[in-house]
Structure formats: C-alpha cells, structure tokens
Amino acid sequence: MQVTVKAFDELTTKELYQILRLRSAVFVVEQDCVYQDVDNRDQKALHVIGKKGGEIVAYTRIFKPGDYFENVSIGRVVVSQDQRKYGLGKQIMQASLAAIEQKFTNKPIEISAQSYLLKFYTELGFNAFGEEYLEDGIPHMRMLKK
C-alpha cells in the first residue's frame, strides 16, 4: 500500500470522491449507522490516504490540537472490507502516527475509538480513559497516546 498525506486543498476530486465513498460504505452501510459523515471538518484535517492500484483502500484524518479535541487527534479510521485481512489498518495508523510526529512533535494524541477496537488501539500505544459512551448509536471509548 502506498500512503500519502495531504491537506484538503491538495486532494484531487477523484481522491475526495473515493474517500467519501469508502467512509460511507463502511460507517453508514456496513455498520448500519445513519449519521452526517460530511461534517465540515475535512477542510481542517490532514488526510492520510492508503492506495492500492490507484484505489483508496485505507484512510484516516488528523486534526491539530483544538480542531477536534484539545489534543492532536485521529479520526475516520477506515479500511475497505475486502482489504482488512492484510493488516492495512495497522499500516494506515502507523503512517498517521508518523505524520503526527513530523507535524506535532511530542504531543499527546486523543481518539474516540469504537469499543470493539480497543485491543487494536491499545497495541498501537493508546490507553482508554473515562466511561464508555454512545456516538451515533455505537459504543465508543476515549483513548490517549502520550
């Protein structure tokens, strides 16, 4: 998988379409969750894009401190369903963490993780804190990596 990091204004129309399609396929259709994915936050985010054969198969978005949480944050972590068996979730998260280290050296990273993925994020160095809560009807936990 080839990974690039782009600001919103650097995305091509094709990339933006593929990102929105992938997020909708997983978060809205596969997880059967009706929510407003296009939230006017993409314009502030750095977009970490994983491509195979010209198609986006993995993605995250990164926010600087104060744009989502008080800390740097990663969100919309997604891998297309047919590509999950290849470890691309770990690869896209490692690329996201590397991008954060380049842009925001030694800053804590906060995420809102779907609860069923706590083990995955713990293996990447995140620790859960606070109480479990529902976000768009799906159980989540806040997690922090220092």
# chains A, B, ... in the order shown; residues from 1 in each chain; ligands from 1

call {"tool": "select_by_dssp", "arguments": {"residues": "stretch 24-117 of chain A", "states": "helix (DSSP H, G or I)", "output": "PyMOL selection string"}}
result
chain A and resi 24-30+42-44+81-86+88-103+115-117

call {"tool": "select_by_dssp", "arguments": {"residues": "stretch 22-137 of chain A", "states": "strand (DSSP E or B)", "output": "MDAnalysis selection string"}}
result
chainID A and resid 46:52 55:63 72:79 109:114 127:135

call {"tool": "closest_residue", "arguments": {"among": "A:Val28, A:Met143, A:Leu118, A:Val57", "to": "A:Leu88", "atoms": "only C-alpha atoms"}}
result
A:Val57

call {"tool": "closest_residue", "arguments": {"among": "A:Ser73, A:Thr122, A:Gln83, A:Asn127", "to": "A:Lys107", "atoms": "only C-alpha atoms"}}
result
A:Ser73

call {"tool": "closest_residue", "arguments": {"among": "A:Glu10, A:Glu110, A:Glu131, A:Glu15", "to": "A:Tyr68", "atoms": "only C-alpha atoms"}}
result
A:Glu110

call {"tool": "residues_around", "arguments": {"residues": "A:Lys145", "least_positions_apart": "3", "cutoff": "12 Å", "atoms": "only C-alpha atoms", "output": "PyMOL selection string"}}
result
chain A and resi 71-74+97+100-101+106-112+121-129+142

call {"tool": "write_last_selection", "arguments": {"atoms": "N, CA, C and O atoms", "output": "short mmCIF file (atom, residue, chain, number, x, y, z; two decimals), in the first residue's frame"}}
result
data_model
loop_
_atom_site.label_atom_id
_atom_site.label_comp_id
_atom_site.auth_asym_id
_atom_site.auth_seq_id
_atom_site.Cartn_x
_atom_site.Cartn_y
_atom_site.Cartn_z
N ASN A 71 -6.31 17.85 22.27
CA ASN A 71 -5.06 17.27 21.79
C ASN A 71 -5.12 17.03 20.29
O ASN A 71 -6.18 17.11 19.67
N VAL A 72 -3.99 16.69 19.69
CA VAL A 72 -3.96 16.18 18.31
C VAL A 72 -4.90 14.98 18.28
O VAL A 72 -5.00 14.23 19.26
N SER A 73 -5.58 14.78 17.17
CA SER A 73 -6.49 13.63 17.12
C SER A 73 -6.48 12.97 15.74
O SER A 73 -6.13 13.59 14.74
N ILE A 74 -6.86 11.71 15.76
CA ILE A 74 -7.01 10.91 14.54
C ILE A 74 -8.45 10.41 14.52
O ILE A 74 -8.98 9.97 15.54
N LEU A 97 0.46 8.07 12.73
CA LEU A 97 1.29 8.41 13.88
C LEU A 97 2.60 9.04 13.44
O LEU A 97 3.09 10.00 14.05
N ILE A 100 1.90 12.61 12.41
CA ILE A 100 1.73 13.44 13.60
C ILE A 100 3.08 13.78 14.22
O ILE A 100 3.33 14.92 14.61
N GLU A 101 3.95 12.81 14.30
CA GLU A 101 5.28 13.05 14.88
C GLU A 101 6.04 14.10 14.08
O GLU A 101 6.75 14.93 14.64
N ASN A 106 6.02 15.29 19.84
CA ASN A 106 5.81 15.05 21.28
C ASN A 106 4.50 15.59 21.82
O ASN A 106 4.44 16.10 22.93
N LYS A 107 3.44 15.50 21.06
CA LYS A 107 2.12 15.92 21.52
C LYS A 107 1.28 14.67 21.81
O LYS A 107 1.35 13.68 21.08
N PRO A 108 0.47 14.71 22.87
CA PRO A 108 -0.46 13.60 23.11
C PRO A 108 -1.47 13.49 21.96
O PRO A 108 -1.82 14.50 21.35
N ILE A 109 -1.92 12.28 21.70
CA ILE A 109 -2.89 12.03 20.63
C ILE A 109 -4.13 11.42 21.25
O ILE A 109 -4.06 10.43 21.98
N GLU A 110 -5.29 12.01 20.96
CA GLU A 110 -6.55 11.57 21.53
C GLU A 110 -7.46 11.07 20.41
O GLU A 110 -7.52 11.68 19.34
N ILE A 111 -8.15 9.97 20.69
CA ILE A 111 -9.08 9.42 19.71
C ILE A 111 -10.39 9.04 20.39
O ILE A 111 -10.44 8.85 21.61
N SER A 112 -11.43 8.94 19.60
CA SER A 112 -12.71 8.38 20.02
C SER A 112 -12.82 7.05 19.29
O SER A 112 -13.10 7.01 18.10
N TYR A 121 -6.24 -0.53 19.19
CA TYR A 121 -5.62 0.75 19.52
C TYR A 121 -4.66 0.63 20.70
O TYR A 121 -3.64 1.33 20.74
N THR A 122 -4.95 -0.26 21.64
CA THR A 122 -4.04 -0.49 22.76
C THR A 122 -2.69 -1.00 22.24
O THR A 122 -1.63 -0.57 22.71
N GLU A 123 -2.73 -1.87 21.24
CA GLU A 123 -1.50 -2.40 20.64
C GLU A 123 -0.68 -1.30 19.95
O GLU A 123 0.52 -1.45 19.74
N LEU A 124 -1.33 -0.20 19.60
CA LEU A 124 -0.64 0.94 18.98
C LEU A 124 -0.20 1.98 20.02
O LEU A 124 0.30 3.05 19.67
N GLY A 125 -0.39 1.66 21.31
CA GLY A 125 0.09 2.54 22.38
C GLY A 125 -0.95 3.46 23.00
O GLY A 125 -0.62 4.32 23.81
N PHE A 126 -2.22 3.31 22.65
CA PHE A 126 -3.29 4.13 23.22
C PHE A 126 -3.82 3.48 24.50
O PHE A 126 -3.84 2.25 24.62
N ASN A 127 -4.27 4.32 25.43
CA ASN A 127 -4.88 3.86 26.67
C ASN A 127 -6.26 4.48 26.81
O ASN A 127 -6.43 5.69 26.63
N ALA A 128 -7.23 3.64 27.17
CA ALA A 128 -8.61 4.10 27.34
C ALA A 128 -8.72 4.91 28.62
O ALA A 128 -8.02 4.66 29.60
N PHE A 129 -9.63 5.90 28.60
CA PHE A 129 -9.93 6.66 29.82
C PHE A 129 -11.39 7.07 29.79
O PHE A 129 -12.01 7.15 28.74
N ARG A 142 -12.93 7.00 24.80
CA ARG A 142 -11.86 7.96 24.53
C ARG A 142 -10.55 7.24 24.86
O ARG A 142 -10.46 6.47 25.83
#

call {"tool": "closest_residue", "arguments": {"among": "A:Lys90, A:Arg76, A:Gln18, A:Ser96", "to": "A:Asp39", "atoms": "only C-alpha atoms"}}
result
A:Arg76

call {"tool": "residues_around", "arguments": {"residues": "A:Gln114", "least_positions_apart": "2", "cutoff": "7 Å", "atoms": "only C-alpha atoms", "output": "list in words"}}
result
Ser112, Tyr116, Leu117, Ile138, Pro139, His140 and Met141 of chain A

call {"tool": "atom_distance", "arguments": {"atom1": "atom CA of A:Glu30", "atom2": "atom CA of A:Ser80"}}
result
10.2 Å

call {"tool": "atom_distance", "arguments": {"atom1": "atom CA of A:Lys51", "atom2": "atom CA of A:Thr13"}}
result
15.2 Å

call {"tool": "closest_residue", "arguments": {"among": "A:Ser115, A:Gln91, A:Thr105, A:Thr60", "to": "A:Val5", "atoms": "only C-alpha atoms"}}
result
A:Thr60

call {"tool": "atom_distance", "arguments": {"atom1": "atom CA of A:Val26", "atom2": "atom CA of A:Glu132"}}
result
21.7 Å

call {"tool": "residues_around", "arguments": {"residues": "A:Tyr59", "least_positions_apart": "5", "cutoff": "6 Å", "atoms": "only C-alpha atoms", "output": "ChimeraX atom specification"}}
result
/A:48-50,77-78

call {"tool": "write_last_selection", "arguments": {"atoms": "N, CA, C and O atoms", "output": "PDB file, in the first residue's frame"}}
result
ATOM      1  N   VAL A  48      -4.744  11.147   5.513  1.00  0.00           N
ATOM      2  CA  VAL A  48      -3.770  10.073   5.329  1.00  0.00           C
ATOM      3  C   VAL A  48      -4.451   9.021   4.462  1.00  0.00           C
ATOM      4  O   VAL A  48      -5.452   8.429   4.860  1.00  0.00           O
ATOM      5  N   ILE A  49      -3.897   8.836   3.277  1.00  0.00           N
ATOM      6  CA  ILE A  49      -4.552   8.051   2.232  1.00  0.00           C
ATOM      7  C   ILE A  49      -3.691   6.849   1.869  1.00  0.00           C
ATOM      8  O   ILE A  49      -2.526   7.010   1.504  1.00  0.00           O
ATOM      9  N   GLY A  50      -4.292   5.667   1.949  1.00  0.00           N
ATOM     10  CA  GLY A  50      -3.611   4.441   1.537  1.00  0.00           C
ATOM     11  C   GLY A  50      -4.218   3.930   0.243  1.00  0.00           C
ATOM     12  O   GLY A  50      -5.429   3.682   0.187  1.00  0.00           O
ATOM     13  N   VAL A  77     -10.930   6.420  10.946  1.00  0.00           N
ATOM     14  CA  VAL A  77     -10.005   5.337  10.594  1.00  0.00           C
ATOM     15  C   VAL A  77     -10.816   4.262   9.877  1.00  0.00           C
ATOM     16  O   VAL A  77     -11.754   3.701  10.442  1.00  0.00           O
ATOM     17  N   VAL A  78     -10.446   3.985   8.636  1.00  0.00           N
ATOM     18  CA  VAL A  78     -11.259   3.068   7.844  1.00  0.00           C
ATOM     19  C   VAL A  78     -10.387   2.285   6.856  1.00  0.00           C
ATOM     20  O   VAL A  78      -9.436   2.819   6.298  1.00  0.00           O
TER      21      VAL A  78
END

call {"tool": "closest_residue", "arguments": {"among": "A:Met93, A:Ala45, A:Leu144, A:Val34", "to": "A:Asp9", "atoms": "only C-alpha atoms"}}
result
A:Ala45

call {"tool": "residues_around", "arguments": {"residues": "A:Lys52", "least_positions_apart": "6", "cutoff": "10 Å", "atoms": "only C-alpha atoms", "output": "list in words"}}
result
Met1, Gln2, Val3, Ala58 and Gln83 of chain A

call {"tool": "write_last_selection", "arguments": {"atoms": "N, CA, C and O atoms", "output": "short mmCIF file (atom, residue, chain, number, x, y, z; two decimals), in the first residue's frame"}}
result
data_model
loop_
_atom_site.label_atom_id
_atom_site.label_comp_id
_atom_site.auth_asym_id
_atom_site.auth_seq_id
_atom_site.Cartn_x
_atom_site.Cartn_y
_atom_site.Cartn_z
N MET A 1 0.84 -1.18 0.00
CA MET A 1 0.00 0.00 0.00
C MET A 1 0.89 1.24 0.00
O MET A 1 1.84 1.32 0.75
N GLN A 2 0.54 2.18 -0.84
CA GLN A 2 1.26 3.46 -0.90
C GLN A 2 0.47 4.49 -0.11
O GLN A 2 -0.74 4.64 -0.30
N VAL A 3 1.16 5.19 0.80
CA VAL A 3 0.50 6.14 1.67
C VAL A 3 0.97 7.55 1.37
O VAL A 3 2.17 7.80 1.20
N ALA A 58 -7.57 2.49 2.37
CA ALA A 58 -7.42 2.80 3.80
C ALA A 58 -7.28 4.31 3.95
O ALA A 58 -6.76 4.98 3.05
N GLN A 83 -10.13 -5.55 2.15
CA GLN A 83 -8.68 -5.38 2.35
C GLN A 83 -8.25 -5.57 3.80
O GLN A 83 -7.07 -5.44 4.12
#
